[in-house]
Amino acid sequence: MLYLSKLFICFIVFSFCGWCLEMVFGIVTTKKIVNRGFLIGPVCPLYGLGCVLLYTTLNGYADDPIILAVASIVLCSVLEYFAGYILEKLFKTRWWDYSEKKYNINGRICLEMAIPFGLLGLGVVYVLFPGALYILSLLNNTMIYVIAGVLLAIFITDLFVSLGIIVKFTDMVGHMPKDMTEEISKFARENLGNENKFLKRLIDSFPNLKIDFDALKKKIFKK
């Protein structure tokens, strides 16, 4: 239980670090500050999950940095692909799209974005995770349990609230004619953004959001 608590704390910490990276990337590419991610809080869970999986599954390859880097690329790419696939199936929306980049697979992953995962794996296994676990080792067990419990409560609350907002967004979009795909971004920003700041943040976080209208309408009007 203690080890799992430490892993969860690391998950939240690296989710926050991932959110910070996305913020920096957004500033560089869009020249404005955008609260990235689909959760309300300053976390990007995919980064946290990726870091935890990298350390727990690939730490045994620490003696061979080349294998570690290659395995990190494969693991993170598989995680990103299936995360994108699951989100698309659950919410009938595409949260990121690499279709315009070379060497992509169904627009969910691409070589250009996958290569940096190798460096991430090296950093996680050699520096970031050992450093985080060392800091946590300085705390007593009770404090670790309390921190993990508080973070878990906040995370679950954020998750459920954010999911409710996303469902509301997709339901509203689902009532639009299926031939309005090109107008979704404009519609969302002008109509939804002014009514709900969380919806506005969701829209701003994923400016290339794509909606599967056929799937949405089948889901909403299936009865």
# chains A, B, ... in the order shown; residues from 1 in each chain; ligands from 1
call {"tool": "residues_around", "arguments": {"residues": "Phe155 in chain A", "least_positions_apart": "5", "cutoff": "9 Å", "atoms": "only C-alpha atoms", "output": "ChimeraX atom specification"}}
result
/A:12,41,150,160
call {"tool": "write_last_selection", "arguments": {"atoms": "C-alpha atoms", "output": "short mmCIF file (atom, residue, chain, number, x, y, z; two decimals), in the first residue's frame"}}
result
data_model
loop_
_atom_site.label_atom_id
_atom_site.label_comp_id
_atom_site.auth_asym_id
_atom_site.auth_seq_id
_atom_site.Cartn_x
_atom_site.Cartn_y
_atom_site.Cartn_z
CA ILE A 12 -0.01 13.37 -9.90
CA GLY A 41 -7.14 21.05 -12.64
CA VAL A 150 -5.98 14.13 -0.42
CA PHE A 160 -16.11 13.32 -12.52
#
call {"tool": "residues_around", "arguments": {"residues": "Asn140 in chain A", "least_positions_apart": "6", "cutoff": "12 Å", "atoms": "only C-alpha atoms", "output": "list in words"}}
result
Leu2, Lys6, Val146 and Ile147 of chain A
call {"tool": "select_by_dssp", "arguments": {"residues": "range 18-127 of chain A", "states": "alpha helix (DSSP H)", "output": "PyMOL selection string"}}
result
chain A and resi 18-30+45-58+65-91+111-114+116-123
call {"tool": "residues_around", "arguments": {"residues": "range 47-62 of chain A", "least_positions_apart": "3", "cutoff": "6 Å", "atoms": "only C-alpha atoms", "output": "list in words"}}
result
Phe11, Phe14, Ser15, Gly18, Cys44, Leu68 and Val125 of chain A
call {"tool": "write_last_selection", "arguments": {"atoms": "N, CA and C atoms", "output": "PDB file, in the first residue's frame"}}
result
ATOM      1  N   PHE A  11       2.436   9.912  -9.886  1.00  0.00           N
ATOM      2  CA  PHE A  11       1.514  10.057 -11.005  1.00  0.00           C
ATOM      3  C   PHE A  11       0.962  11.481 -11.073  1.00  0.00           C
ATOM      4  N   PHE A  14       3.880  14.061 -11.925  1.00  0.00           N
ATOM      5  CA  PHE A  14       4.275  14.052 -13.331  1.00  0.00           C
ATOM      6  C   PHE A  14       3.133  14.468 -14.248  1.00  0.00           C
ATOM      7  N   SER A  15       1.903  14.273 -13.797  1.00  0.00           N
ATOM      8  CA  SER A  15       0.758  14.797 -14.556  1.00  0.00           C
ATOM      9  C   SER A  15       0.795  16.316 -14.558  1.00  0.00           C
ATOM     10  N   GLY A  18       3.579  17.372 -16.871  1.00  0.00           N
ATOM     11  CA  GLY A  18       3.113  17.268 -18.248  1.00  0.00           C
ATOM     12  C   GLY A  18       2.226  18.433 -18.632  1.00  0.00           C
ATOM     13  N   CYS A  44      -2.245  16.684 -16.627  1.00  0.00           N
ATOM     14  CA  CYS A  44      -2.460  15.921 -17.857  1.00  0.00           C
ATOM     15  C   CYS A  44      -2.162  14.465 -17.506  1.00  0.00           C
ATOM     16  N   LEU A  68      16.434   0.885 -23.545  1.00  0.00           N
ATOM     17  CA  LEU A  68      15.497   1.669 -22.730  1.00  0.00           C
ATOM     18  C   LEU A  68      14.823   2.748 -23.558  1.00  0.00           C
ATOM     19  N   VAL A 125      13.554   7.198 -15.942  1.00  0.00           N
ATOM     20  CA  VAL A 125      14.199   6.075 -15.267  1.00  0.00           C
ATOM     21  C   VAL A 125      15.474   6.493 -14.538  1.00  0.00           C
TER      22      VAL A 125
END
call {"tool": "residues_around", "arguments": {"residues": "Leu136 in chain A", "least_positions_apart": "4", "cutoff": "12 Å", "atoms": "only C-alpha atoms", "output": "VMD selection string"}}
result
chain A and resid 2 to 3 5 to 10 13 129 to 132 140 to 145 147 to 148
call {"tool": "closest_residue", "arguments": {"among": "A:Val43, A:Ile27, A:Ile105, A:Leu21", "to": "Ser162 in chain A", "atoms": "only C-alpha atoms"}}
result
A:Val43
call {"tool": "residues_around", "arguments": {"residues": "Ala114 in chain A", "least_positions_apart": "2", "cutoff": "10 Å", "atoms": "only C-alpha atoms", "output": "ChimeraX atom specification"}}
result
/A:72-78,80,104,109-112,116-119
call {"tool": "write_last_selection", "arguments": {"atoms": "N, CA and C atoms", "output": "short mmCIF file (atom, residue, chain, number, x, y, z; two decimals), in the first residue's frame"}}
result
data_model
loop_
_atom_site.label_atom_id
_atom_site.label_comp_id
_atom_site.auth_asym_id
_atom_site.auth_seq_id
_atom_site.Cartn_x
_atom_site.Cartn_y
_atom_site.Cartn_z
N SER A 72 10.94 2.79 -24.61
CA SER A 72 10.14 3.94 -24.17
C SER A 72 9.32 4.50 -25.32
N ILE A 73 9.94 4.57 -26.50
CA ILE A 73 9.22 5.05 -27.68
C ILE A 73 8.03 4.14 -27.98
N VAL A 74 8.27 2.83 -27.94
CA VAL A 74 7.21 1.87 -28.25
C VAL A 74 6.10 1.95 -27.20
N LEU A 75 6.47 1.93 -25.93
CA LEU A 75 5.47 1.93 -24.86
C LEU A 75 4.62 3.19 -24.87
N CYS A 76 5.27 4.35 -24.98
CA CYS A 76 4.53 5.61 -24.96
C CYS A 76 3.67 5.77 -26.21
N SER A 77 4.16 5.29 -27.34
CA SER A 77 3.38 5.38 -28.57
C SER A 77 2.12 4.52 -28.48
N VAL A 78 2.28 3.31 -27.94
CA VAL A 78 1.12 2.42 -27.76
C VAL A 78 0.12 3.06 -26.79
N GLU A 80 -0.28 6.29 -26.13
CA GLU A 80 -0.93 7.44 -26.76
C GLU A 80 -1.96 6.99 -27.79
N ASN A 104 2.38 8.88 -39.81
CA ASN A 104 1.41 8.78 -38.72
C ASN A 104 0.58 7.52 -38.88
N ILE A 109 -0.91 8.75 -33.61
CA ILE A 109 0.50 8.85 -33.26
C ILE A 109 1.28 9.12 -34.53
N CYS A 110 2.48 9.68 -34.37
CA CYS A 110 3.35 9.91 -35.54
C CYS A 110 4.80 9.84 -35.08
N LEU A 111 5.68 9.61 -36.03
CA LEU A 111 7.10 9.44 -35.72
C LEU A 111 7.69 10.69 -35.09
N GLU A 112 7.29 11.84 -35.59
CA GLU A 112 7.85 13.10 -35.09
C GLU A 112 7.59 13.27 -33.59
N PRO A 116 10.72 11.83 -29.23
CA PRO A 116 11.04 12.42 -27.93
C PRO A 116 10.69 11.52 -26.74
N PHE A 117 9.82 10.53 -26.96
CA PHE A 117 9.49 9.62 -25.88
C PHE A 117 10.71 8.84 -25.41
N GLY A 118 11.67 8.63 -26.31
CA GLY A 118 12.89 7.94 -25.93
C GLY A 118 13.67 8.72 -24.90
N LEU A 119 13.79 10.03 -25.13
CA LEU A 119 14.47 10.89 -24.16
C LEU A 119 13.69 10.96 -22.86
#
call {"tool": "closest_residue", "arguments": {"among": "A:Ala69, A:Ala153, A:Ile86, A:Leu163", "to": "Val124 in chain A", "atoms": "only C-alpha atoms"}}
result
A:Ala69
call {"tool": "closest_residue", "arguments": {"among": "A:Gly149, A:Gly107, A:Pro65, A:Gly123", "to": "Phe82 in chain A", "atoms": "only C-alpha atoms"}}
result
A:Gly107
call {"tool": "atom_distance", "arguments": {"atom1": "CA of Leu139 in chain A", "atom2": "CA of Ile154 in chain A"}}
result
20.9 Å
